[in-house]
$ cat coords_27.tsv   # TSV, C-alpha atoms
chain	number	residue	atom	x	y	z
A	16	MET	CA	0.00	0.00	0.00
A	17	SER	CA	2.72	2.46	0.93
A	18	SER	CA	4.34	2.06	-2.49
A	19	LEU	CA	1.49	4.08	-4.00
A	20	PHE	CA	2.85	7.16	-2.21
A	21	GLU	CA	6.37	6.77	-3.54
A	22	ASN	CA	7.55	9.08	-6.30
A	23	SER	CA	7.86	6.28	-8.87
A	24	GLU	CA	4.17	5.33	-8.71
A	25	TRP	CA	2.52	8.47	-7.32
A	26	ALA	CA	2.00	10.13	-10.72
A	27	ASP	CA	-0.07	7.17	-11.94
A	28	THR	CA	-1.99	7.00	-8.67
A	29	ARG	CA	-2.81	10.71	-8.76
A	30	ALA	CA	-3.88	10.52	-12.40
A	31	ALA	CA	-6.23	7.63	-11.61
A	32	LEU	CA	-7.76	9.47	-8.64
A	33	CYS	CA	-8.29	12.62	-10.76
A	34	GLU	CA	-9.80	10.77	-13.71
A	35	GLY	CA	-13.19	12.16	-14.66
A	36	THR	CA	-13.07	15.24	-12.45
A	37	ASP	CA	-12.64	17.52	-15.49
A	38	LEU	CA	-15.67	16.23	-17.40
A	39	THR	CA	-18.08	18.87	-16.11
A	40	THR	CA	-18.86	21.65	-18.54
A	41	ASN	CA	-19.50	25.37	-18.36
A	42	PHE	CA	-22.65	26.90	-19.80
A	43	ASP	CA	-20.83	27.60	-23.07
A	44	GLY	CA	-20.05	23.88	-23.47
A	45	SER	CA	-16.34	24.15	-22.69
A	46	PHE	CA	-14.78	21.68	-20.28
A	47	ASN	CA	-14.12	22.84	-16.74
A	48	LYS	CA	-10.51	21.98	-15.86
A	49	THR	CA	-10.56	23.62	-12.44
A	50	LYS	CA	-11.72	20.61	-10.42
A	51	LYS	CA	-8.89	18.47	-11.76
A	52	LYS	CA	-6.27	21.09	-10.88
A	53	VAL	CA	-7.71	21.50	-7.38
A	54	MET	CA	-7.78	17.72	-6.91
A	55	GLU	CA	-4.13	17.40	-7.95
A	56	VAL	CA	-2.97	20.00	-5.41
A	57	CYS	CA	-5.15	18.57	-2.62
A	58	LEU	CA	-3.98	15.00	-3.26
A	59	GLU	CA	-0.36	16.15	-3.25
A	60	ASN	CA	-0.90	17.93	0.09
A	61	ALA	CA	-2.58	14.82	1.53
A	62	ARG	CA	0.25	12.61	0.27
A	63	LYS	CA	2.89	14.80	1.92
A	64	ASP	CA	0.94	14.85	5.18
A	65	ILE	CA	0.47	11.07	5.29
A	66	ALA	CA	4.05	10.43	4.25
A	67	ALA	CA	5.47	12.78	6.88
A	68	ARG	CA	3.44	11.25	9.69
A	69	CYS	CA	3.95	7.64	8.64
A	70	GLY	CA	7.70	7.80	8.05
A	71	LEU	CA	7.64	6.86	4.36
A	72	PHE	CA	10.19	9.34	3.06
A	73	GLU	CA	13.51	10.61	4.28
A	74	SER	CA	11.94	13.95	5.11
A	75	ALA	CA	9.41	12.30	7.40
A	76	THR	CA	9.21	13.37	10.99
A	77	ALA	CA	10.22	11.02	13.77
A	78	GLY	CA	7.64	8.99	15.60
A	79	GLY	CA	5.48	8.14	12.58
A	80	THR	CA	2.61	5.69	12.84
A	81	SER	CA	2.87	2.04	11.93
A	82	SER	CA	2.70	0.62	8.40
A	83	ALA	CA	-0.72	-0.83	9.18
A	84	SER	CA	-2.03	2.71	9.62
A	85	VAL	CA	-0.55	3.63	6.24
A	86	ALA	CA	-2.57	0.89	4.60
A	87	THR	CA	-5.76	2.03	6.33
A	88	LEU	CA	-5.21	5.68	5.43
A	89	ASN	CA	-4.42	4.83	1.84
A	90	LYS	CA	-7.45	2.56	1.55
A	91	VAL	CA	-9.93	5.04	3.02
A	92	ILE	CA	-8.56	8.59	2.86
A	93	MET	CA	-7.70	8.82	-0.84
A	94	PRO	CA	-11.03	7.39	-2.11
A	95	ILE	CA	-12.91	9.68	0.28
A	96	ILE	CA	-10.98	12.71	-1.00
A	97	ARG	CA	-11.74	11.60	-4.57
A	98	ARG	CA	-15.43	11.24	-3.77
A	99	VAL	CA	-15.89	14.30	-1.57
A	100	MET	CA	-13.66	17.09	-2.92
A	101	PRO	CA	-15.24	17.41	-6.41
A	102	THR	CA	-18.70	17.54	-4.84
A	103	VAL	CA	-18.19	20.26	-2.23
A	104	ILE	CA	-20.68	23.03	-3.02
A	105	ALA	CA	-17.79	25.52	-3.10
A	106	ASN	CA	-16.76	24.17	-6.52
A	107	GLU	CA	-20.07	25.32	-7.94
A	108	ILE	CA	-20.74	28.70	-6.36
A	109	VAL	CA	-17.45	30.28	-5.15
A	110	GLY	CA	-13.87	30.46	-6.33
A	111	VAL	CA	-11.63	27.56	-5.34
A	112	GLN	CA	-7.91	28.26	-4.96
A	113	PRO	CA	-6.02	25.45	-3.18
A	114	LEU	CA	-3.29	26.32	-0.70
A	115	THR	CA	0.19	24.88	-1.03
A	116	GLY	CA	1.03	25.78	2.57
A	117	PRO	CA	-0.78	26.65	5.81
A	118	VAL	CA	-0.65	30.36	4.93
A	119	ALA	CA	-1.01	31.76	1.41
A	120	GLN	CA	-2.38	34.70	-0.54
A	121	ILE	CA	-5.46	35.21	-2.69
A	122	HIS	CA	-5.16	37.67	-5.55
A	123	THR	CA	-7.61	39.89	-7.40
A	124	LEU	CA	-7.20	42.66	-9.95
A	125	ARG	CA	-8.28	46.28	-9.71
A	126	LEU	CA	-8.27	49.03	-12.34
A	127	ARG	CA	-7.78	52.64	-11.24
A	128	TYR	CA	-7.57	56.03	-12.91
A	129	SER	CA	-4.00	57.32	-12.54
A	130	ASP	CA	-4.33	60.94	-13.67
A	131	GLY	CA	-6.38	63.67	-12.07
A	132	VAL	CA	-8.64	65.55	-14.48
A	133	ALA	CA	-12.03	67.20	-14.20
A	134	GLY	CA	-14.41	64.77	-12.49
A	135	VAL	CA	-11.73	62.15	-11.82
A	136	THR	CA	-9.61	61.69	-8.70
A	137	PRO	CA	-6.32	59.77	-8.99
A	138	GLY	CA	-6.76	56.30	-7.52
A	139	GLN	CA	-10.50	56.19	-8.22
A	140	GLU	CA	-11.74	52.83	-9.46
A	141	ALA	CA	-12.15	52.54	-13.20
A	142	LEU	CA	-15.15	50.69	-14.63
A	143	SER	CA	-16.80	51.03	-11.23
A	144	PRO	CA	-20.32	49.61	-10.97
A	145	TYR	CA	-21.44	52.89	-9.43
A	146	ASP	CA	-19.42	55.53	-11.27
A	147	ILE	CA	-17.47	55.78	-14.51
A	148	ALA	CA	-15.60	58.71	-16.03
A	149	MET	CA	-17.39	59.63	-19.25
A	150	ALA	CA	-14.73	61.98	-20.58
A	151	TYR	CA	-11.43	60.55	-19.27
A	152	SER	CA	-10.37	59.38	-22.73
A	153	GLY	CA	-11.96	62.31	-24.59
A	154	ASN	CA	-12.51	66.00	-24.02
A	155	GLU	CA	-12.19	65.75	-20.20
A	156	ASN	CA	-15.45	67.67	-19.80
A	157	PRO	CA	-17.81	65.67	-17.56
A	158	ALA	CA	-20.60	68.23	-18.13
A	159	LEU	CA	-20.59	67.65	-21.90
A	160	PRO	CA	-18.62	64.44	-22.39
A	161	GLY	CA	-17.43	63.60	-25.86
A	162	ALA	CA	-14.45	62.95	-28.04
A	163	ALA	CA	-11.80	65.68	-28.23
A	164	PRO	CA	-10.67	67.23	-31.51
A	165	THR	CA	-7.79	65.32	-33.04
A	166	ALA	CA	-5.49	68.35	-32.78
A	167	SER	CA	-5.82	68.47	-28.99
A	168	LEU	CA	-4.86	64.82	-28.48
A	169	GLU	CA	-2.46	64.33	-31.36
A	170	GLY	CA	0.92	63.16	-30.07
A	171	ARG	CA	-0.37	62.59	-26.53
A	172	PRO	CA	-0.45	59.08	-25.01
A	173	GLY	CA	-3.76	59.76	-23.27
A	174	ASN	CA	-4.67	59.56	-19.61
A	175	ARG	CA	-3.45	56.48	-17.82
A	176	LEU	CA	-5.14	53.46	-16.26
A	177	ASN	CA	-3.35	51.61	-13.50
A	178	LEU	CA	-3.74	47.85	-13.07
A	179	GLN	CA	-3.29	46.93	-9.43
A	180	VAL	CA	-2.87	43.39	-8.12
A	181	LEU	CA	-4.59	43.09	-4.75
A	182	LYS	CA	-3.79	40.31	-2.34
A	183	ALA	CA	-5.19	39.04	0.91
A	184	THR	CA	-3.66	36.54	3.29
A	185	VAL	CA	-5.50	33.28	3.89
A	186	GLU	CA	-4.72	31.00	6.82
A	187	ALA	CA	-5.78	27.37	6.91
A	188	ASN	CA	-8.14	26.64	9.79
A	189	THR	CA	-9.08	23.22	11.12
A	190	ARG	CA	-12.21	21.14	11.61
A	191	ARG	CA	-11.77	17.99	13.69
A	192	LEU	CA	-13.98	15.07	14.75
A	193	SER	CA	-13.22	11.86	16.60
A	194	ALA	CA	-15.04	8.66	17.44
A	195	SER	CA	-14.38	5.55	19.49
A	196	TRP	CA	-15.88	2.09	19.70
A	197	THR	CA	-15.38	-1.05	21.73
A	198	ILE	CA	-13.49	-4.09	20.55
A	199	GLU	CA	-16.53	-6.20	21.39
A	200	ALA	CA	-18.81	-4.08	19.17
A	201	SER	CA	-16.34	-4.37	16.31
A	202	GLN	CA	-16.14	-8.15	16.69
A	203	ASP	CA	-19.91	-8.59	16.93
A	204	ALA	CA	-20.66	-6.33	13.93
A	205	GLN	CA	-18.13	-8.19	11.81
A	206	ALA	CA	-19.35	-11.61	12.86
A	207	GLN	CA	-23.10	-10.96	12.60
A	208	GLN	CA	-23.52	-8.33	9.88
A	209	GLY	CA	-20.15	-8.36	8.13
A	210	ILE	CA	-19.74	-4.64	8.90
A	211	ASP	CA	-16.31	-3.06	9.22
A	212	ILE	CA	-16.96	-0.53	11.99
A	213	GLU	CA	-13.66	1.27	11.44
A	214	ALA	CA	-14.37	1.92	7.75
A	215	GLU	CA	-17.97	2.96	8.44
A	216	ILE	CA	-16.96	5.43	11.15
A	217	MET	CA	-14.22	6.95	8.98
A	218	ALA	CA	-16.68	7.49	6.13
A	219	ALA	CA	-19.26	9.01	8.50
A	220	LEU	CA	-16.75	11.41	10.05
A	221	ALA	CA	-15.54	12.56	6.64
A	222	GLN	CA	-19.10	13.11	5.41
A	223	GLU	CA	-20.04	15.08	8.52
A	224	ILE	CA	-17.06	17.41	8.15
A	225	THR	CA	-17.83	17.97	4.48
A	226	ALA	CA	-21.50	18.69	5.20
A	227	GLU	CA	-20.48	21.27	7.79
A	228	ILE	CA	-18.10	22.94	5.32
A	229	ASP	CA	-20.97	23.25	2.84
A	230	GLN	CA	-23.22	24.77	5.49
A	231	GLU	CA	-20.49	27.19	6.61
A	232	ILE	CA	-20.10	28.50	3.07
A	233	LEU	CA	-23.85	28.80	2.49
A	234	GLN	CA	-24.43	30.60	5.79
A	235	SER	CA	-21.54	33.01	5.13
A	236	LEU	CA	-22.88	33.86	1.68
A	237	ARG	CA	-26.40	34.37	3.07
A	238	ARG	CA	-25.00	36.90	5.54
A	239	LEU	CA	-23.28	38.99	2.87
A	240	PRO	CA	-26.37	40.91	1.64
A	241	GLY	CA	-27.44	41.60	5.23
A	242	THR	CA	-31.21	41.40	4.76
A	243	PRO	CA	-33.18	39.91	1.87
A	244	THR	CA	-33.30	42.30	-1.07
A	245	ALA	CA	-36.82	41.04	-1.86
A	246	VAL	CA	-39.42	38.86	-0.13
A	247	TYR	CA	-41.74	36.33	-1.76
A	248	ASP	CA	-45.14	36.62	-0.08
A	249	GLN	CA	-47.69	34.45	-1.85
A	250	ALA	CA	-50.59	36.36	-0.26
A	251	GLN	CA	-49.35	39.60	-1.86
A	252	VAL	CA	-48.97	38.33	-5.42
A	253	SER	CA	-50.83	40.73	-7.73
A	254	GLY	CA	-53.61	39.70	-10.07
A	255	THR	CA	-56.23	36.99	-9.85
A	256	ALA	CA	-54.77	33.53	-10.23
A	257	SER	CA	-56.84	30.67	-11.63
A	258	TYR	CA	-54.24	28.14	-10.60
A	259	VAL	CA	-51.77	28.13	-7.71
A	260	GLY	CA	-48.87	27.74	-10.16
A	261	GLU	CA	-49.53	31.27	-11.40
A	262	GLU	CA	-48.87	32.61	-7.91
A	263	HIS	CA	-45.75	30.48	-7.69
A	264	ALA	CA	-44.43	32.05	-10.88
A	265	ALA	CA	-43.87	35.29	-8.97
A	266	LEU	CA	-40.86	33.72	-7.23
A	267	ALA	CA	-39.12	33.05	-10.54
A	268	ILE	CA	-39.79	36.64	-11.60
A	269	MET	CA	-38.24	37.92	-8.39
A	270	ILE	CA	-35.21	35.67	-8.90
A	271	ASN	CA	-34.79	37.02	-12.43
A	272	ARG	CA	-34.97	40.59	-11.15
A	273	GLN	CA	-32.37	40.03	-8.44
A	274	ALA	CA	-30.13	38.15	-10.87
A	275	ASN	CA	-30.15	41.14	-13.21
A	276	LEU	CA	-29.33	43.45	-10.30
A	277	VAL	CA	-26.25	41.31	-9.65
A	278	ALA	CA	-25.21	41.98	-13.25
A	279	GLN	CA	-25.78	45.71	-12.72
A	280	ARG	CA	-23.65	45.75	-9.56
A	281	THR	CA	-20.77	43.61	-10.77
A	282	ARG	CA	-20.69	44.51	-14.50
A	283	ARG	CA	-19.76	40.86	-15.09
A	284	GLY	CA	-22.99	38.98	-15.63
A	285	ALA	CA	-26.34	38.04	-14.16
A	286	ALA	CA	-26.46	35.58	-11.28
A	287	ASN	CA	-25.92	32.09	-12.68
A	288	TRP	CA	-26.51	29.87	-9.65
A	289	ALA	CA	-29.14	29.56	-6.92
A	290	VAL	CA	-29.38	27.53	-3.73
A	291	VAL	CA	-32.95	26.90	-2.61
A	292	SER	CA	-34.83	25.04	0.09
A	293	ASN	CA	-37.14	22.14	-0.68
A	294	ALA	CA	-40.11	24.50	-0.34
A	295	ALA	CA	-38.67	26.99	-2.85
A	296	LEU	CA	-37.80	24.12	-5.18
A	297	SER	CA	-41.41	22.94	-5.06
A	298	ILE	CA	-42.56	26.45	-5.95
A	299	LEU	CA	-40.26	26.64	-8.97
A	300	GLN	CA	-41.30	23.19	-10.13
A	301	SER	CA	-45.00	24.08	-10.09
A	302	ALA	CA	-44.69	27.64	-11.43
A	303	THR	CA	-46.34	28.14	-14.82
A	304	THR	CA	-43.86	30.55	-16.40
A	305	SER	CA	-40.61	29.97	-14.55
A	306	ALA	CA	-38.90	28.03	-17.35
A	307	PHE	CA	-37.49	25.69	-14.73
A	308	ALA	CA	-36.00	22.61	-16.34
A	309	ARG	CA	-35.55	19.60	-14.10
A	310	THR	CA	-32.33	17.73	-14.51
A	311	THR	CA	-32.59	14.10	-15.53
A	312	GLN	CA	-29.04	13.25	-14.52
A	313	GLY	CA	-27.30	15.62	-12.14
A	314	THR	CA	-23.63	16.33	-12.79
A	315	PHE	CA	-23.33	17.44	-9.18
A	316	ASP	CA	-24.65	15.00	-6.60
A	317	ALA	CA	-22.89	15.58	-3.30
A	318	PRO	CA	-22.96	13.11	-0.42
A	319	THR	CA	-23.88	16.05	1.80
A	320	ASN	CA	-27.51	16.62	0.76
A	321	THR	CA	-26.73	19.57	-1.50
A	322	LYS	CA	-27.69	18.53	-5.01
A	323	TYR	CA	-27.97	19.97	-8.50
A	324	VAL	CA	-31.66	19.77	-9.41
A	325	GLY	CA	-32.05	21.77	-12.65
A	326	THR	CA	-31.71	25.08	-14.45
A	327	LEU	CA	-33.81	28.24	-14.45
A	328	ASN	CA	-34.22	30.07	-17.76
A	329	ASN	CA	-31.43	27.95	-19.29
A	330	SER	CA	-28.80	30.07	-17.56
A	331	MET	CA	-29.03	29.58	-13.79
A	332	ARG	CA	-28.00	26.35	-12.10
A	333	VAL	CA	-30.28	25.46	-9.19
A	334	TYR	CA	-29.12	23.48	-6.15
A	335	VAL	CA	-31.25	22.32	-3.25
A	336	ASP	CA	-30.04	22.51	0.34
A	337	ALA	CA	-31.83	19.69	2.13
A	338	TYR	CA	-30.95	21.16	5.52
A	339	ALA	CA	-32.79	24.43	4.82
A	340	ASP	CA	-36.26	24.97	6.26
A	341	ASP	CA	-39.23	26.50	4.41
A	342	ALA	CA	-38.36	30.04	5.54
A	343	THR	CA	-34.73	29.90	4.38
A	344	PRO	CA	-34.20	32.63	1.75
A	345	VAL	CA	-33.27	31.79	-1.83
A	346	LEU	CA	-29.58	32.51	-2.32
A	347	ILE	CA	-28.44	33.54	-5.79
A	348	GLY	CA	-25.03	34.58	-7.03
A	349	TYR	CA	-22.58	34.90	-9.89
A	350	LYS	CA	-19.43	32.91	-10.50
A	351	GLY	CA	-17.29	33.49	-13.58
A	352	ASP	CA	-15.54	30.82	-15.62
A	353	GLY	CA	-12.31	31.39	-13.69
A	354	GLU	CA	-11.60	31.00	-10.00
A	355	VAL	CA	-10.86	34.70	-9.40
A	356	ASP	CA	-14.33	35.97	-10.27
A	357	ALA	CA	-16.65	35.07	-7.41
A	358	ALA	CA	-18.17	36.33	-4.17
A	359	ALA	CA	-15.81	34.34	-1.94
A	360	TYR	CA	-12.93	31.89	-2.07
A	361	PHE	CA	-12.62	28.40	-0.64
A	362	CYS	CA	-8.97	27.40	-0.20
A	363	PRO	CA	-8.43	23.71	0.67
A	364	TYR	CA	-5.07	22.80	2.15
A	365	VAL	CA	-5.23	19.23	3.48
A	366	PRO	CA	-8.81	18.26	2.57
A	367	LEU	CA	-9.03	15.22	4.82
A	368	THR	CA	-6.57	13.33	6.99
A	369	SER	CA	-6.78	11.02	9.96
A	370	SER	CA	-4.78	10.08	13.00
A	371	GLY	CA	-5.39	6.44	12.24
A	372	VAL	CA	-6.71	4.10	14.88
A	373	VAL	CA	-5.09	4.58	18.28
A	374	ILE	CA	-5.85	2.78	21.54
A	375	ASN	CA	-7.02	4.76	24.55
A	376	PRO	CA	-4.58	3.73	27.32
A	377	GLN	CA	-7.27	4.10	29.99
A	378	THR	CA	-10.22	2.33	28.37
A	379	PHE	CA	-8.34	0.28	25.76
A	380	GLU	CA	-10.95	1.35	23.23
A	381	PRO	CA	-9.98	2.10	19.60
A	382	THR	CA	-10.26	5.80	18.77
A	383	ILE	CA	-9.94	7.58	15.45
A	384	SER	CA	-9.72	11.30	14.65
A	385	PHE	CA	-10.42	13.09	11.37
A	386	LEU	CA	-9.50	16.63	10.41
A	387	SER	CA	-9.79	18.99	7.47
A	388	ARG	CA	-7.73	22.16	6.96
A	389	TYR	CA	-8.86	24.95	4.65
A	390	GLY	CA	-9.23	28.69	4.35
A	391	TYR	CA	-12.25	30.79	3.45
A	392	LEU	CA	-12.13	34.43	2.38
A	393	GLU	CA	-14.56	37.17	1.40
A	394	PHE	CA	-13.55	40.58	0.04
A	395	ASN	CA	-15.36	43.22	2.07
A	396	ASP	CA	-12.64	45.77	2.88
A	397	SER	CA	-12.63	48.52	0.25
A	398	SER	CA	-9.24	49.78	1.45
A	399	SER	CA	-7.45	46.60	0.42
A	400	SER	CA	-9.71	45.04	-2.20
A	401	PHE	CA	-12.77	45.66	-4.32
A	402	GLY	CA	-14.80	45.24	-1.15
A	403	ASN	CA	-17.58	43.90	-3.32
A	404	SER	CA	-18.26	40.31	-2.26
A	405	ALA	CA	-21.82	41.32	-1.41
A	406	ASP	CA	-22.31	42.60	-4.97
A	407	PHE	CA	-22.03	39.04	-6.29
A	408	VAL	CA	-24.97	37.63	-4.32
A	409	GLY	CA	-28.63	38.31	-3.73
A	410	LEU	CA	-31.18	37.05	-1.23
A	411	ILE	CA	-34.92	36.52	-1.76
A	412	GLY	CA	-36.80	35.97	1.47
A	413	ILE	CA	-39.65	33.46	1.76
A	414	ASN	CA	-42.72	34.19	3.86
A	415	ALA	CA	-43.40	30.59	4.82
A	416	ALA	CA	-46.65	31.44	6.61
A	417	THR	CA	-48.36	32.38	3.31
A	418	LEU	CA	-47.25	29.38	1.27
A	419	ARG	CA	-49.93	27.09	-0.16
A	420	TRP	CA	-49.67	24.29	-2.65
A	421	TYR	CA	-53.21	23.87	-3.99
$ encode --input "coords_27.tsv" --output "C-alpha cells"
Amino acid sequence: MSSLFENSEWADTRAALCEGTDLTTNFDGSFNKTKKKVMEVCLENARKDIAARCGLFESATAGGTSSASVATLNKVIMPIIRRVMPTVIANEIVGVQPLTGPVAQIHTLRLRYSDGVAGVTPGQEALSPYDIAMAYSGNENPALPGAAPTASLEGRPGNRLNLQVLKATVEANTRRLSASWTIEASQDAQAQQGIDIEAEIMAALAQEITAEIDQEILQSLRRLPGTPTAVYDQAQVSGTASYVGEEHAALAIMINRQANLVAQRTRRGAANWAVVSNAALSILQSATTSAFARTTQGTFDAPTNTKYVGTLNNSMRVYVDAYADDATPVLIGYKGDGEVDAAAYFCPYVPLTSSGVVINPQTFEPTISFLSRYGYLEFNDSSSSFGNSADFVGLIGINAATLRWY
C-alpha cells in the first residue's frame, strides 16, 4: 500500500484518482478543468501529510505511525478525498484556490484612474459599478462628455489606467472530529452483519465534516447581503390567479430581477446559480412561467444533501439545500468561468486526513480522529480590495406562513 505514495508510482496513482473530475462543462459547453487542478494540489498535500506522519520518506518526521495505519489511510482517505472534494458546493458557487502551505495569498485585480482631471480623482476605481468617467479618454469635460478634436490629443499618449494586483492573506483553519468504539462491538458487527466498523466510522466522520463545510459557506454567503433584497409573499402576489402555479411564478420573476441586479452591480454577468430550500424548489417546479428545467441526470450529486436539481431560464443552475427549512431565503449569485471571479474563495489545504486508529490507554478502546484544513475568504474591505463580495450575491426571502400548494 505504501508504495502508492512513492515518487515512482505516485503520478499514476494521482492521475487515476483525478480521472473524470474535469468532465463537467461550463454553460458555453467548454470543459471545466478547475476541479482536476484543485484535486491534484489537494492530493499532493494529503500525500505529503500522510508520508510525513507515517515515516515513508527521508523527510518524514520522527515517531510516525505504523505501516498498518498507512494501509488504512491509503485505503480510506484517498477514495474519500476523490469522492468528496469534487462535490463540495464551493466548486459550484465560489472560487476555489487550493493552498500549497498553511498560509497563502489570494489575488484579485483592480483598475484605477491614474491621472487627475475634471471629475476624476487619482486612484478612483475605473469601470466602477457605481461611477465611470465619461470623458477621461476624450474631451475631459464631464458636463458635456465627448471625443476631443484630433489636434488636442495628437501626439499625446492619453490619460493612464493603473492595473493593481490586490492580495489578501488566507490562513488554513481546522475542523476535527473523533469517534471511538469497543473491541466487542467491532467483533460482533463483523461476525453478525459483516460490517467493518472502522471503515464505516471513517466514512461518517468525513461526510459530517464535508457537510459542515458546505453549510459554513452557504451561511456566510447568506450573511453577505445583510437582509433579503426582496421577499416572496404568496398572499401579496398581484392579479387573480386561476391556478396556484400562477402565484408560484412570482418567485421566478423575483429571482430574475435580483439576478439582473447582480449583473448591474458587478458589470460581469447576471447571477448564474441559486441555492434553494425544498419549499422553494417545489414552488419553482410548479410555477407556470418559470422556465425551470428539471435535470434528468445531475452532474453534481454531493454526499452532503446539496444537489444539482435543474436550471432556471437555461442560464441559472439550481441546487437544493436539504438542511434548509421552508423560511430559508433563496440565495443567488454569480461565478465566472475562472476562479478569481466570485463572491468568496474556498482554499483547501489538506482536505481530509486522519490520525489512524489509536488505543485509549485508559479504556483500551480504539479511537480515530479526522481533520480537514482549509481557508475561506470574502472581500469586504474597500481599502485593500474591491470590497464587493456582497455585490455578487442576492437574497430573496420566503414568507413561509403564506405558502400554499393547492
$ closest_residue --input "coords_27.tsv" --among "A:Leu276, A:Ala166, A:Ala289, A:Ala264" --to "Val324 of chain A" --atoms "all atoms listed in the file"
A:Ala289
$ closest_residue --input "coords_27.tsv" --among "A:Ala256, A:Gln202, A:Ser195, A:Met331" --to "Leu220 of chain A" --atoms "all atoms listed in the file"
A:Ser195
$ closest_residue --input "coords_27.tsv" --among "A:Arg272, A:Arg125, A:Arg388, A:Arg280" --to "Val365 of chain A" --atoms "only C-alpha atoms"
A:Arg388
$ residues_near_point --input "coords_27.tsv" --point "(-10.3, 34.3, 5.4)" --cutoff "7 Å" --atoms "only C-alpha atoms" --output "ChimeraX atom specification"
/A:185-186,390-393
$ write_last_selection --input "coords_27.tsv" --atoms "C-alpha atoms" --output "PDB file, keeping the file's coordinate frame"
ATOM      1  CA  VAL A 185      -5.500  33.280   3.890  1.00  0.00           C
ATOM      2  CA  GLU A 186      -4.720  31.000   6.820  1.00  0.00           C
ATOM      3  CA  GLY A 390      -9.230  28.690   4.350  1.00  0.00           C
ATOM      4  CA  TYR A 391     -12.250  30.790   3.450  1.00  0.00           C
ATOM      5  CA  LEU A 392     -12.130  34.430   2.380  1.00  0.00           C
ATOM      6  CA  GLU A 393     -14.560  37.170   1.400  1.00  0.00           C
TER       7      GLU A 393
END
$ atom_distance --input "coords_27.tsv" --atom1 "atom CA of Val355 of chain A" --atom2 "atom CA of Phe394 of chain A"
11.4 Å
$ closest_residue --input "coords_27.tsv" --among "A:Trp288, A:Phe379, A:Tyr128, A:Tyr323" --to "Val103 of chain A" --atoms "all atoms listed in the file"
A:Tyr323
$ closest_residue --input "coords_27.tsv" --among "A:Lys52, A:His263, A:Arg237, A:Arg419" --to "Val345 of chain A" --atoms "only C-alpha atoms"
A:Arg237
$ residues_around --input "coords_27.tsv" --residues "Ser257 of chain A" --least-positions-apart "5" --cutoff "12 Å" --atoms "all atoms listed in the file" --output "PyMOL selection string"
chain A and resi 262-263+303+421
$ closest_residue --input "coords_27.tsv" --among "A:Gln222, A:Val373, A:Val111, A:Pro363" --to "Thr49 of chain A" --atoms "only C-alpha atoms"
A:Val111
$ atom_distance --input "coords_27.tsv" --atom1 "atom CA of Gln234 of chain A" --atom2 "atom CA of Tyr364 of chain A"
21.2 Å
$ residues_around --input "coords_27.tsv" --residues "Ile224 of chain A" --least-positions-apart "4" --cutoff "8 Å" --atoms "all atoms listed in the file" --output "PDB file with C-alpha atoms, in the coordinates of the input"
ATOM      1  CA  ARG A 190     -12.210  21.140  11.610  1.00  0.00           C
ATOM      2  CA  ARG A 191     -11.770  17.990  13.690  1.00  0.00           C
ATOM      3  CA  LEU A 192     -13.980  15.070  14.750  1.00  0.00           C
ATOM      4  CA  LEU A 220     -16.750  11.410  10.050  1.00  0.00           C
ATOM      5  CA  ILE A 228     -18.100  22.940   5.320  1.00  0.00           C
ATOM      6  CA  LEU A 386      -9.500  16.630  10.410  1.00  0.00           C
ATOM      7  CA  SER A 387      -9.790  18.990   7.470  1.00  0.00           C
TER       8      SER A 387
END
$ residues_near_point --input "coords_27.tsv" --point "(-32.9, 29.3, 4.0)" --cutoff "10 Å" --atoms "all atoms listed in the file" --output "PyMOL selection string"
chain A and resi 233-234+237+290-295+336-346+410-413
$ write_last_selection --input "coords_27.tsv" --atoms "C-alpha atoms" --output "PDB file, keeping the file's coordinate frame"
ATOM      1  CA  LEU A 233     -23.850  28.800   2.490  1.00  0.00           C
ATOM      2  CA  GLN A 234     -24.430  30.600   5.790  1.00  0.00           C
ATOM      3  CA  ARG A 237     -26.400  34.370   3.070  1.00  0.00           C
ATOM      4  CA  VAL A 290     -29.380  27.530  -3.730  1.00  0.00           C
ATOM      5  CA  VAL A 291     -32.950  26.900  -2.610  1.00  0.00           C
ATOM      6  CA  SER A 292     -34.830  25.040   0.090  1.00  0.00           C
ATOM      7  CA  ASN A 293     -37.140  22.140  -0.680  1.00  0.00           C
ATOM      8  CA  ALA A 294     -40.110  24.500  -0.340  1.00  0.00           C
ATOM      9  CA  ALA A 295     -38.670  26.990  -2.850  1.00  0.00           C
ATOM     10  CA  ASP A 336     -30.040  22.510   0.340  1.00  0.00           C
ATOM     11  CA  ALA A 337     -31.830  19.690   2.130  1.00  0.00           C
ATOM     12  CA  TYR A 338     -30.950  21.160   5.520  1.00  0.00           C
ATOM     13  CA  ALA A 339     -32.790  24.430   4.820  1.00  0.00           C
ATOM     14  CA  ASP A 340     -36.260  24.970   6.260  1.00  0.00           C
ATOM     15  CA  ASP A 341     -39.230  26.500   4.410  1.00  0.00           C
ATOM     16  CA  ALA A 342     -38.360  30.040   5.540  1.00  0.00           C
ATOM     17  CA  THR A 343     -34.730  29.900   4.380  1.00  0.00           C
ATOM     18  CA  PRO A 344     -34.200  32.630   1.750  1.00  0.00           C
ATOM     19  CA  VAL A 345     -33.270  31.790  -1.830  1.00  0.00           C
ATOM     20  CA  LEU A 346     -29.580  32.510  -2.320  1.00  0.00           C
ATOM     21  CA  LEU A 410     -31.180  37.050  -1.230  1.00  0.00           C
ATOM     22  CA  ILE A 411     -34.920  36.520  -1.760  1.00  0.00           C
ATOM     23  CA  GLY A 412     -36.800  35.970   1.470  1.00  0.00           C
ATOM     24  CA  ILE A 413     -39.650  33.460   1.760  1.00  0.00           C
TER      25      ILE A 413
END
$ residues_around --input "coords_27.tsv" --residues "Gly161 of chain A" --least-positions-apart "4" --cutoff "10 Å" --atoms "all atoms listed in the file" --output "tab-separated table (two decimals) with C-alpha atoms, in the frame of the given file"
chain	number	residue	atom	x	y	z
A	149	MET	CA	-17.39	59.63	-19.25
A	150	ALA	CA	-14.73	61.98	-20.58
A	151	TYR	CA	-11.43	60.55	-19.27
A	152	SER	CA	-10.37	59.38	-22.73
A	153	GLY	CA	-11.96	62.31	-24.59
A	154	ASN	CA	-12.51	66.00	-24.02
A	155	GLU	CA	-12.19	65.75	-20.20
A	156	ASN	CA	-15.45	67.67	-19.80
A	157	PRO	CA	-17.81	65.67	-17.56
$ residues_around --input "coords_27.tsv" --residues "Phe307 of chain A" --least-positions-apart "5" --cutoff "8 Å" --atoms "only C-alpha atoms" --output "PyMOL selection string"
chain A and resi 299-300+325-329
